[in-house]
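Shown here: run35.txt, compact mmCIF, C-alpha atoms.
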```
# COMPACT_ATOMS: atom_id res chain seq x y z
CA THR A 2 -63.18 -80.25 39.36
CA THR A 3 -62.97 -76.46 39.65
CA MET A 4 -65.96 -74.28 40.42
CA ALA A 5 -65.76 -72.91 36.86
CA ALA A 6 -65.78 -76.38 35.35
CA SER A 7 -68.69 -77.36 37.57
CA THR A 8 -70.58 -74.26 36.48
CA LEU A 9 -69.84 -75.01 32.82
CA GLU A 10 -71.01 -78.60 33.26
CA LYS A 11 -74.32 -77.41 34.70
CA GLN A 12 -74.67 -74.82 31.94
CA SER A 13 -73.91 -77.45 29.29
CA LYS A 14 -76.72 -79.60 30.60
CA VAL A 15 -79.11 -76.69 30.23
CA VAL A 16 -77.80 -75.76 26.80
CA GLY A 17 -77.99 -79.40 25.78
CA LEU A 18 -81.75 -79.08 26.02
CA LYS A 19 -81.73 -75.93 23.92
CA LYS A 20 -79.80 -76.67 20.78
CA GLU A 21 -82.15 -74.70 18.58
CA VAL A 22 -82.69 -70.98 18.25
CA ARG A 23 -85.99 -70.24 16.57
CA ILE A 24 -86.90 -66.60 16.06
CA ALA A 25 -90.61 -65.94 15.62
CA ALA A 26 -91.24 -62.70 13.73
CA CYS A 27 -94.68 -61.49 14.82
CA ALA A 28 -95.95 -58.89 12.38
CA CYS A 29 -98.98 -56.60 12.71
CA ILE A 30 -100.17 -55.54 9.26
CA VAL A 31 -103.25 -54.09 7.58
CA ASP A 32 -103.45 -56.40 4.56
CA ALA A 33 -100.24 -55.80 2.57
CA PHE A 34 -96.81 -57.30 3.25
CA PRO A 35 -94.42 -55.73 0.72
CA HIS A 36 -91.33 -57.61 1.89
CA GLU A 37 -92.77 -61.10 1.70
CA PHE A 38 -89.93 -62.38 -0.50
CA VAL A 39 -87.26 -60.91 1.79
CA TRP A 40 -88.69 -62.58 4.87
CA LYS A 41 -89.21 -65.84 3.00
CA LYS A 42 -85.59 -65.80 1.81
CA TRP A 43 -84.39 -64.93 5.31
CA MET A 44 -86.22 -67.84 6.90
CA GLU A 45 -85.53 -70.45 4.21
CA ASP A 46 -81.92 -69.68 3.24
CA THR A 47 -80.03 -67.86 6.03
CA GLY A 48 -80.47 -70.22 8.97
CA GLY A 49 -78.67 -73.47 9.69
CA GLU A 50 -75.97 -74.68 12.02
CA VAL A 51 -73.62 -72.36 13.89
CA VAL A 52 -70.99 -73.10 16.56
CA ILE A 53 -70.58 -70.61 19.41
CA PRO A 54 -67.42 -70.78 21.57
CA THR A 55 -68.28 -70.32 25.26
CA GLN A 56 -66.23 -69.45 28.30
CA ARG A 57 -66.87 -69.54 32.02
CA SER A 58 -64.60 -68.04 34.67
CA GLY A 59 -64.39 -68.62 38.39
CA GLY A 60 -61.92 -69.44 41.14
CA GLY A 61 -59.14 -67.86 39.14
CA ASN A 62 -59.57 -70.31 36.27
CA SER A 63 -61.49 -70.26 33.02
CA THR A 64 -62.95 -73.13 31.07
CA SER A 65 -63.69 -73.08 27.35
CA SER A 66 -66.21 -75.08 25.41
CA SER A 67 -68.64 -74.58 22.55
CA ILE A 68 -72.24 -75.23 21.69
CA THR A 69 -73.70 -76.08 18.31
CA ILE A 70 -76.95 -74.32 17.52
CA GLN A 71 -79.48 -75.00 14.78
CA VAL A 72 -81.01 -71.66 13.79
CA SER A 73 -84.41 -71.20 12.16
CA GLY A 74 -87.18 -68.64 11.86
CA GLU A 75 -90.93 -68.43 11.46
CA LEU A 76 -93.44 -65.72 10.62
CA TYR A 77 -96.74 -65.04 12.37
CA VAL A 78 -99.04 -62.35 10.99
CA HIS A 79 -101.99 -60.50 12.49
CA ALA A 80 -103.91 -58.70 9.74
CA LYS A 81 -106.51 -55.99 10.16
CA HIS A 82 -108.18 -57.19 6.97
CA PRO A 83 -107.14 -60.83 6.50
CA GLU A 84 -109.85 -61.32 3.87
CA LYS A 85 -107.94 -58.95 1.56
CA ILE A 86 -104.67 -60.88 1.60
CA LYS A 87 -103.95 -62.24 -1.87
CA SER A 88 -100.73 -64.19 -1.29
CA SER A 89 -101.34 -67.83 -0.41
CA TRP A 90 -97.99 -67.95 1.41
CA LEU A 91 -98.90 -64.92 3.52
CA ARG A 92 -102.34 -66.35 4.26
CA SER A 93 -100.64 -69.49 5.55
CA LYS A 94 -98.73 -67.34 8.06
CA THR A 95 -101.74 -65.29 9.17
CA ILE A 96 -103.46 -66.18 12.44
CA GLU A 97 -107.24 -66.60 12.49
CA LYS A 98 -107.99 -64.00 15.14
CA THR A 99 -108.14 -60.34 14.14
CA TYR A 100 -108.88 -57.37 16.38
CA ARG A 101 -109.01 -54.94 13.42
CA PRO A 102 -106.98 -52.25 15.21
CA ASN A 103 -106.67 -48.66 14.09
CA TRP A 104 -103.52 -46.58 14.36
CA ASN A 105 -102.67 -45.68 17.99
CA ASP A 106 -105.17 -48.25 19.25
CA VAL A 107 -105.01 -50.52 22.31
CA ARG A 108 -106.21 -53.31 20.04
CA ILE A 109 -102.64 -53.37 18.69
CA VAL A 110 -101.60 -54.60 22.14
CA ARG A 111 -104.23 -57.32 21.95
CA ALA A 112 -103.00 -58.29 18.50
CA VAL A 113 -99.40 -58.51 19.72
CA LEU A 114 -100.45 -60.64 22.70
CA GLU A 115 -102.40 -62.94 20.39
CA LEU A 116 -99.38 -63.30 18.11
CA THR A 117 -97.18 -64.05 21.10
CA SER A 118 -99.56 -66.74 22.27
CA GLU A 119 -99.59 -68.35 18.82
CA ALA A 120 -95.80 -68.24 18.49
CA LEU A 121 -95.26 -69.87 21.88
CA LYS A 122 -97.45 -72.81 20.92
CA ASP A 123 -94.38 -73.94 18.99
CA GLU A 124 -92.19 -75.35 21.75
CA SER A 125 -89.06 -74.66 19.69
CA THR A 126 -89.67 -70.88 19.66
CA THR A 127 -86.90 -69.23 21.69
CA HIS A 128 -87.26 -65.54 20.80
CA ILE A 129 -90.05 -63.28 19.57
CA LEU A 130 -89.57 -60.22 17.38
CA PHE A 131 -92.41 -57.71 17.17
CA CYS A 132 -92.54 -55.95 13.82
CA THR A 133 -94.75 -54.44 11.10
CA GLU A 134 -95.02 -54.77 7.34
CA SER A 135 -92.40 -52.01 6.90
CA CYS A 136 -89.67 -53.90 8.79
CA ILE A 137 -86.94 -56.02 7.17
CA PRO A 138 -84.04 -58.13 8.48
CA ILE A 139 -80.58 -56.79 7.64
CA THR A 140 -78.47 -59.79 8.59
CA SER A 141 -78.68 -63.55 8.39
CA LEU A 142 -80.64 -65.70 10.80
CA LYS A 143 -77.42 -67.32 11.99
CA ASP A 144 -75.71 -64.04 12.87
CA ALA A 145 -78.90 -62.74 14.47
CA ALA A 146 -78.95 -65.82 16.71
CA VAL A 147 -75.32 -65.33 17.73
CA MET A 148 -75.99 -61.72 18.68
CA LEU A 149 -79.14 -62.57 20.65
CA LEU A 150 -77.43 -65.31 22.64
CA THR A 151 -74.17 -63.47 23.31
CA GLY A 152 -75.25 -59.83 23.37
CA SER A 153 -72.56 -57.48 22.05
CA CYS A 154 -69.92 -60.20 22.06
CA GLY A 155 -66.86 -59.39 20.00
CA ASN A 156 -65.89 -55.75 19.45
CA GLY A 157 -68.80 -54.23 21.31
CA ASP A 158 -71.39 -54.17 18.55
CA ALA A 159 -73.24 -56.76 16.58
CA GLY A 160 -72.42 -57.39 12.96
CA SER A 161 -72.90 -59.88 10.22
CA THR A 162 -70.56 -62.45 8.76
CA VAL A 163 -70.81 -63.60 5.19
CA ASP A 164 -69.06 -66.79 4.10
CA LYS A 165 -67.63 -66.71 0.57
CA GLY A 166 -65.88 -70.01 0.01
CA GLU A 167 -62.70 -69.96 2.08
CA GLU A 168 -62.91 -66.24 2.68
CA THR A 169 -65.06 -64.46 5.21
CA GLU A 170 -66.21 -60.92 4.69
CA LYS A 171 -67.08 -59.15 7.91
CA ARG A 172 -69.85 -56.59 7.67
CA GLY A 173 -69.89 -55.65 11.34
CA SER A 174 -68.24 -57.17 14.35
CA VAL A 175 -69.86 -60.45 15.32
CA ASP A 176 -66.91 -62.81 15.54
CA ARG A 177 -67.94 -66.41 16.00
CA ASN A 178 -64.41 -67.23 17.20
CA ILE A 179 -64.63 -64.96 20.24
CA GLU A 180 -65.51 -66.86 23.42
CA CYS A 181 -68.78 -65.59 24.84
CA GLU A 182 -71.19 -66.16 27.67
CA VAL A 183 -74.44 -67.48 26.25
CA ASN A 184 -77.74 -66.26 27.71
CA TRP A 185 -80.96 -67.83 26.42
CA ASP A 186 -83.23 -65.48 28.38
CA ARG A 187 -81.89 -62.15 27.13
CA SER A 188 -84.43 -59.64 25.78
CA PHE A 189 -83.80 -56.35 23.98
CA VAL A 190 -86.12 -53.52 25.04
CA ASP A 191 -84.92 -49.92 24.68
CA PHE A 192 -86.88 -48.69 27.71
CA TYR A 193 -86.96 -45.57 29.82
CA GLY A 194 -88.83 -44.34 32.91
CA ARG A 195 -90.32 -41.04 33.95
CA ASP A 196 -87.05 -39.79 35.43
CA SER A 197 -85.17 -40.30 32.17
CA HIS A 198 -84.15 -37.35 30.00
CA ARG A 199 -85.91 -39.19 27.17
CA CYS A 200 -89.29 -38.79 28.87
CA THR A 201 -91.05 -35.76 27.40
CA ARG A 202 -93.92 -33.73 28.78
CA PHE A 203 -96.08 -35.39 26.14
CA ASP A 204 -95.04 -38.81 27.52
CA GLU A 205 -95.94 -37.73 31.03
CA GLN A 206 -99.39 -36.53 30.05
CA ASN A 207 -100.31 -39.29 27.61
CA CYS A 208 -98.62 -42.32 29.15
CA TRP A 209 -97.68 -41.92 32.80
CA ASP A 210 -100.67 -39.82 33.88
CA VAL A 211 -103.12 -42.09 32.05
CA LEU A 212 -101.80 -45.17 33.86
CA ALA A 213 -101.37 -43.50 37.25
CA GLN A 214 -104.54 -45.02 38.72
CA SER A 215 -103.84 -48.53 37.46
CA VAL A 216 -100.09 -49.12 37.61
CA PRO A 217 -97.46 -48.16 40.23
CA PRO A 218 -95.61 -45.13 38.82
CA ASP A 219 -92.19 -46.73 39.20
CA ALA A 220 -93.30 -49.66 37.03
CA ILE A 221 -94.45 -47.54 34.08
CA HIS A 222 -91.87 -47.63 31.28
CA LYS A 223 -91.84 -46.86 27.60
CA ALA A 224 -89.83 -48.52 24.82
CA LEU A 225 -88.80 -46.60 21.74
CA PRO A 226 -89.12 -48.20 19.31
CA GLY A 227 -91.92 -50.29 20.73
CA TRP A 228 -91.20 -53.15 18.34
CA CYS A 229 -88.82 -54.98 20.63
CA LEU A 230 -87.43 -58.52 20.81
CA VAL A 231 -88.08 -60.71 23.85
CA SER A 232 -86.99 -64.15 24.96
CA ARG A 233 -89.44 -66.98 25.40
CA LYS A 234 -89.12 -66.70 29.18
CA HIS A 235 -90.15 -63.05 29.22
CA ALA A 236 -92.86 -63.44 26.57
CA GLN A 237 -94.51 -66.27 28.48
CA ALA A 238 -94.30 -64.32 31.74
CA VAL A 239 -96.09 -61.35 30.16
CA LEU A 240 -98.86 -63.63 28.89
CA ASP A 241 -99.18 -65.11 32.40
CA LEU A 242 -99.14 -61.71 34.13
CA PRO A 243 -102.85 -61.55 35.10
CA SER A 244 -102.53 -64.83 36.98
CA GLN A 245 -99.35 -63.57 38.63
CA LEU A 246 -101.22 -60.56 39.97
CA GLY A 247 -103.60 -62.81 41.92
CA ASP A 248 -106.81 -64.77 41.58
CA GLY A 249 -109.48 -62.86 39.75
CA ALA A 250 -107.09 -60.15 38.62
CA PRO A 251 -108.33 -58.45 35.43
CA ASP A 252 -106.37 -58.31 32.21
CA LEU A 253 -103.82 -55.52 32.15
CA TRP A 254 -104.41 -54.31 28.60
CA PRO A 255 -107.67 -52.34 29.27
CA ALA A 256 -105.68 -49.92 31.44
CA PHE A 257 -103.81 -48.87 28.28
CA ASN A 258 -106.94 -47.88 26.38
CA ASN A 259 -106.15 -44.14 26.35
CA VAL A 260 -102.36 -44.42 26.35
CA TRP A 261 -100.59 -42.87 23.37
CA ALA A 262 -98.88 -45.61 21.32
CA PRO A 263 -99.88 -48.27 23.86
CA GLU A 264 -97.71 -50.97 22.23
CA GLU A 265 -94.65 -48.90 23.18
CA VAL A 266 -95.65 -48.92 26.86
CA TYR A 267 -97.32 -52.26 27.48
CA PHE A 268 -94.44 -54.73 27.27
CA PRO A 269 -91.79 -52.73 29.21
CA THR A 270 -94.38 -51.93 31.89
CA ALA A 271 -95.43 -55.57 32.12
CA LEU A 272 -91.79 -56.65 32.43
CA ALA A 273 -91.29 -54.09 35.19
CA LEU A 274 -94.35 -55.37 37.07
CA LEU A 275 -92.89 -58.86 36.82
CA GLY A 276 -89.58 -57.68 38.27
CA TYR A 277 -87.54 -58.32 35.11
CA LEU A 278 -87.03 -54.68 34.19
CA PRO A 279 -84.62 -53.24 34.97
CA GLY A 280 -82.53 -56.37 35.20
CA ASN A 281 -79.53 -58.18 33.76
CA ASP A 282 -81.62 -60.19 31.31
CA VAL A 283 -83.33 -57.16 29.74
CA VAL A 284 -80.86 -55.17 27.67
CA SER A 285 -81.83 -51.53 27.30
CA LYS A 286 -81.18 -51.31 23.58
CA THR A 287 -83.09 -52.03 20.41
CA VAL A 288 -82.28 -54.55 17.70
CA THR A 289 -84.67 -52.77 15.29
CA HIS A 290 -83.38 -49.50 13.87
CA SER A 291 -85.89 -46.64 13.60
CA LYS A 292 -85.50 -42.89 13.51
CA TRP A 293 -88.10 -40.16 13.87
CA ASN A 294 -88.42 -36.61 12.63
CA GLU A 295 -88.01 -34.82 15.93
CA ARG A 296 -88.45 -31.46 14.22
CA ALA A 297 -91.97 -32.22 13.04
CA ARG A 298 -94.56 -29.67 14.11
CA ASN A 299 -96.93 -32.00 15.93
CA GLN A 300 -96.71 -35.25 17.86
CA LYS A 301 -98.60 -37.26 15.24
CA ASP A 302 -96.01 -36.40 12.58
CA ARG A 303 -93.17 -37.16 15.00
CA ALA A 304 -94.74 -40.56 15.68
CA HIS A 305 -94.02 -41.83 12.15
CA PRO A 306 -90.52 -43.26 11.58
CA LEU A 307 -88.40 -41.97 8.73
CA GLU A 308 -88.51 -43.99 5.51
CA TYR A 309 -85.42 -45.53 3.92
CA ASP A 310 -86.81 -46.65 0.56
CA ASP A 311 -84.66 -44.21 -1.43
CA SER A 312 -81.48 -44.69 0.61
CA PHE A 313 -81.29 -48.43 1.18
CA ASN A 314 -77.83 -49.75 0.27
CA GLU A 315 -74.77 -51.46 1.75
CA HIS A 316 -73.56 -48.28 3.41
CA LEU A 317 -76.84 -47.78 5.28
CA VAL A 318 -76.92 -51.42 6.39
CA GLN A 319 -73.31 -51.35 7.60
CA ASN A 320 -73.94 -48.21 9.67
CA VAL A 321 -77.10 -49.65 11.19
CA ARG A 322 -75.37 -52.95 11.93
CA LYS A 323 -72.60 -51.11 13.75
CA GLU A 324 -75.31 -49.79 16.09
CA GLY A 325 -76.04 -53.41 17.00
CA CYS A 326 -79.33 -53.57 15.08
CA LEU A 327 -80.50 -56.65 13.22
CA PHE A 328 -83.65 -55.23 11.62
CA LEU A 329 -84.61 -51.97 9.93
CA ARG A 330 -87.76 -49.95 9.52
CA LYS A 331 -89.29 -48.13 7.80
CA MET A 332 -89.27 -49.60 4.28
CA LYS A 333 -92.67 -49.09 2.64
CA ARG A 334 -92.05 -50.15 -0.94
CA PRO A 335 -91.18 -53.68 -2.12
CA LEU A 336 -87.42 -54.24 -2.13
CA ASP A 337 -85.75 -56.23 -4.88
CA ILE A 338 -84.51 -59.45 -3.33
CA ARG A 339 -81.09 -59.19 -5.00
CA ILE A 340 -80.51 -55.68 -3.70
CA TRP A 341 -81.41 -56.92 -0.22
CA GLU A 342 -79.05 -59.90 -0.56
CA ARG A 343 -76.18 -57.62 -1.57
CA ALA A 344 -76.76 -55.09 1.20
CA ALA A 345 -77.74 -57.42 4.05
CA LEU A 346 -75.87 -60.62 3.21
CA GLY A 347 -72.97 -59.36 1.10
CA LYS A 348 -73.97 -61.41 -1.92
CA GLU A 349 -72.45 -60.20 -5.17
CA ILE A 350 -74.85 -59.18 -7.94
CA SER A 351 -74.06 -57.44 -11.20
CA GLU A 352 -74.84 -53.79 -11.89
CA ALA A 353 -76.60 -54.93 -15.05
CA ASP A 354 -79.05 -56.94 -12.96
CA VAL A 355 -79.70 -53.95 -10.73
CA ASN A 356 -80.24 -51.60 -13.68
CA ALA A 357 -82.55 -54.10 -15.36
CA ASP A 358 -84.59 -54.40 -12.19
CA GLN A 359 -84.83 -50.61 -11.86
CA ASP A 360 -85.95 -50.26 -15.49
CA ARG A 361 -88.57 -52.95 -14.95
CA ASP A 362 -89.85 -51.27 -11.79
CA GLN A 363 -90.10 -47.89 -13.55
CA THR A 364 -92.01 -49.50 -16.43
CA LEU A 365 -94.42 -51.18 -14.06
CA SER A 366 -94.85 -47.93 -12.16
CA LYS A 367 -95.73 -46.06 -15.36
CA LYS A 368 -98.23 -48.72 -16.37
CA THR A 369 -99.84 -48.54 -12.94
CA THR A 370 -100.04 -44.75 -13.12
CA THR A 371 -101.44 -44.56 -16.67
CA GLY A 372 -103.74 -47.53 -16.14
```
In C-alpha cells, write the structure found in this file.
Amino acid sequence: TTMAASTLEKQSKVVGLKKEVRIAACACIVDAFPHEFVWKKWMEDTGGEVVIPTQRSGGGNSTSSSITIQVSGELYVHAKHPEKIKSSWLRSKTIEKTYRPNWNDVRIVRAVLELTSEALKDESTTHILFCTESCIPITSLKDAAVMLLTGSCGNGDAGSTVDKGEETEKRGSVDRNIECEVNWDRSFVDFYGRDSHRCTRFDEQNCWDVLAQSVPPDAIHKALPGWCLVSRKHAQAVLDLPSQLGDGAPDLWPAFNNVWAPEEVYFPTALALLGYLPGNDVVSKTVTHSKWNERARNQKDRAHPLEYDDSFNEHLVQNVRKEGCLFLRKMKRPLDIRIWERAALGKEISEADVNADQDRDQTLSKKTTTG
C-alpha cells in the first residue's frame, strides 16, 4: 500500500462519517423577510445527492476515489421584532431569543452568536452562512456544497451546473468531474489586518484603536463583507472561545461595544485569537457578493451596500458567480421566484410569464400607493 493510498484510506474513514453537507443560513432581520419563497425553494428543491471525485497524491503516485454527499439546507432567523412576523413558515424558523439590535450595534454580534449556537444544536450542520433579509442564494445547494468542500476546484472559480435532461448547461466553472481535494473544515472570510492596504484611517480609529486595550493588535482583523461563511469546526471554536482563554475569562463580545460595524470584526478577530486565521483552512475570500459606494460623502453612506433590485438578471448572476460567490446582497424588494430560477438555476421560463408578473407587480404597487 502506497503512502497516498494509506492517506486516502484514512481520509475515506473520516469522510465516511460525514456524508452530509448541511448549510445553515443564519439571518439577522428586523421583522420582514422579502425573499422567503426564494430561500424556501433553495432549501426544498436544490439539494440532494452529489458525487465528488477526489484525488490524493504522495510518494510519486496518485490515487483517485469519490465520495457521495447528501446536501441540504436550513434557515435560522433572529428577528428584532419577532412579534411582527406574519408568515407562519418564517415564524417556525425564528429563534426565541431576541436582542433587539439597532444598526451598527454590538447586539448584532450577540444575535449572530445565538444563531450559531442554535444551528450547531443540529449535529448534521456542517457550515454556517451569516446573512440578512436582503441576501439571496444565486446557485443550487448542491453546487454550493461542491464549492465549499473543494474550494475553487475546476477552472479557478466557482460556478453552477444546471442539469437539463441529458444536457448540462454550465453557468460558471464548477466541474463535478474534476478530481479535487475535499476539506470539511474550510471557512470563507475575506479578512484583512491593520497593515493591509484595505485598512483605512477610519478602520484604525473605529476598530483597531477601540480594541487596543482588550485584544492583541496582531489578532485584530476585519472582514468585508462581514457576512461570512464558516465551517462547523470554526463556528464551534468561536462559541467556545471564552473557555479557551482560561477559567473565569469574560465573554469577548463586550470589548466590541464601541467598534464600528462590530459584526465585521468579531469573527475574524476571534478566529485569529484561536490561531486559525491566517491559516490554510480559512480562505481569504467571500462567498457573498456585496459592493459599496466608495464615493459616498460620509462613512455611514459608504457602509450601505449597493442594491441590485433593478439589475438582477442572468448576466449579473453569471458575473458574480465567476467571482466565486454563491450568494448576493443587497436585494431589498421581493423577487419573483421564476425570475430567480432562470437567473440562478438556469430554468427556462417564458417571456409572457415574466411580463405578466411585472404587470401584476405594477398593479399591486399602484393599489398600495393609492390605498
Rank A:Ser125, A:Thr151, A:Asn320, A:Thr133 by their smallest atom-to-atom distance to A:Val113, using only C-alpha atoms, and report the top residue only. A:Thr133
Any chance you could work out the axis-aligned box around stretch 218-225 of chain A, listed atoms only, 4 Å on each side, giving centre and edge lengths in Å to one decimal, as lines of an AutoDock Vina configuration file?
```
center_x = -92.2
center_y = -47.4
center_z = 30.5
size_x = 14.8
size_y = 12.5
size_z = 25.5
```
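Of the listed residues A:Phe257, A:Tyr193, A:Trp228, A:Trp40, the one whose atoms come nearest to A:Leu130 is A:Trp228, with distances taken using all atoms listed in the file.
Distances here use all atoms listed in the file; by that measure, the residue among A:Ser188, A:Leu150, A:Ser244, A:Val288 closest to A:Pro54 is A:Leu150.
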Spatial neighbours of stretch 81-89 of chain A, max dist 10 Å, all atoms listed in the file, sep filter under 6 positions, as number ranges by chain: A: 29-34, 37, 95-103, 109, 112
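Here atom CA of A:Val147 is placed at a distance of 17.8 Å from atom CA of A:Gly347.
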If you count all atoms listed in the file, which residues fall within 8 Å of A:Leu307, apart from same-chain ones fewer than 3 positions away, as a list in words? Ser291, Lys292, Trp293, Asn294 and Lys331 of chain A
Residues near A:Ala236, anyone? I mean within 12 Å using all atoms listed in the file, not counting same-chain ones fewer than 5 positions away, as a PyMOL selection string. chain A and resi 25+113-122+126-131+186-189+229-231+241-242+268-269+271-272+275+277+283
Please provide the set of residues having any atom within 12 Å of A:Pro217, restricted to all atoms listed in the file, with same-chain residues fewer than 3 positions apart removed, written as a PyMOL selection string. chain A and resi 194-195+209-214+220-222+270-271+273-274
Quick one: write out the picked residues with C-alpha atoms as an mmCIF file, keeping the file's coordinate frame?
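Output contents, as saved in selection-v1.cif:
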```
data_model
loop_
_atom_site.group_PDB
_atom_site.id
_atom_site.type_symbol
_atom_site.label_atom_id
_atom_site.label_comp_id
_atom_site.auth_asym_id
_atom_site.auth_seq_id
_atom_site.Cartn_x
_atom_site.Cartn_y
_atom_site.Cartn_z
ATOM 1 C CA GLY A 194 -88.830 -44.340 32.910
ATOM 2 C CA ARG A 195 -90.320 -41.040 33.950
ATOM 3 C CA TRP A 209 -97.680 -41.920 32.800
ATOM 4 C CA ASP A 210 -100.670 -39.820 33.880
ATOM 5 C CA VAL A 211 -103.120 -42.090 32.050
ATOM 6 C CA LEU A 212 -101.800 -45.170 33.860
ATOM 7 C CA ALA A 213 -101.370 -43.500 37.250
ATOM 8 C CA GLN A 214 -104.540 -45.020 38.720
ATOM 9 C CA ALA A 220 -93.300 -49.660 37.030
ATOM 10 C CA ILE A 221 -94.450 -47.540 34.080
ATOM 11 C CA HIS A 222 -91.870 -47.630 31.280
ATOM 12 C CA THR A 270 -94.380 -51.930 31.890
ATOM 13 C CA ALA A 271 -95.430 -55.570 32.120
ATOM 14 C CA ALA A 273 -91.290 -54.090 35.190
ATOM 15 C CA LEU A 274 -94.350 -55.370 37.070
#
```
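Atom pair atom CA of A:Met148 / atom CA of A:Pro335 has a distance of 27.0 Å (rounded to one decimal).
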Find the residues near A:Arg23: any atom within 10 Å, counting all atoms listed in the file, skip ones fewer than 6 places away on the same chain, and give them as a PyMOL selection string. chain A and resi 44+48+70-75+123-129+142+146
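With distances taken over all atoms listed in the file, A:Val51 is the one residue among A:Val51, A:Val266, A:Val321, A:Cys326 lying closest to A:Lys20.
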Would you mind reading off the distance between atom CA of A:Leu91 and atom CA of A:Trp261, one decimal, in Å? 29.7 Å
Residues within 7 Å of (-67.2, -73.4, 17.9), file coordinates, counting all atoms listed in the file: what are they? Give the list as an mmCIF file with C-alpha atoms, in the frame of the given file.
```
data_model
loop_
_atom_site.group_PDB
_atom_site.id
_atom_site.type_symbol
_atom_site.label_atom_id
_atom_site.label_comp_id
_atom_site.auth_asym_id
_atom_site.auth_seq_id
_atom_site.Cartn_x
_atom_site.Cartn_y
_atom_site.Cartn_z
ATOM 1 C CA VAL A 52 -70.990 -73.100 16.560
ATOM 2 C CA ILE A 53 -70.580 -70.610 19.410
ATOM 3 C CA PRO A 54 -67.420 -70.780 21.570
ATOM 4 C CA SER A 67 -68.640 -74.580 22.550
ATOM 5 C CA ILE A 68 -72.240 -75.230 21.690
ATOM 6 C CA ASN A 178 -64.410 -67.230 17.200
#
```
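Comparing A:Val78, A:Val183, A:Leu240, A:Val110 by their smallest distance to A:Pro263, the closest is A:Val110 (using all atoms listed in the file).
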For each of A:Lys333, A:Lys323, A:Lys234, A:Lys143, take the minimum atom-to-atom distance to A:Val22, counting all atoms listed in the file, then give the residue where this is smallest. A:Lys143
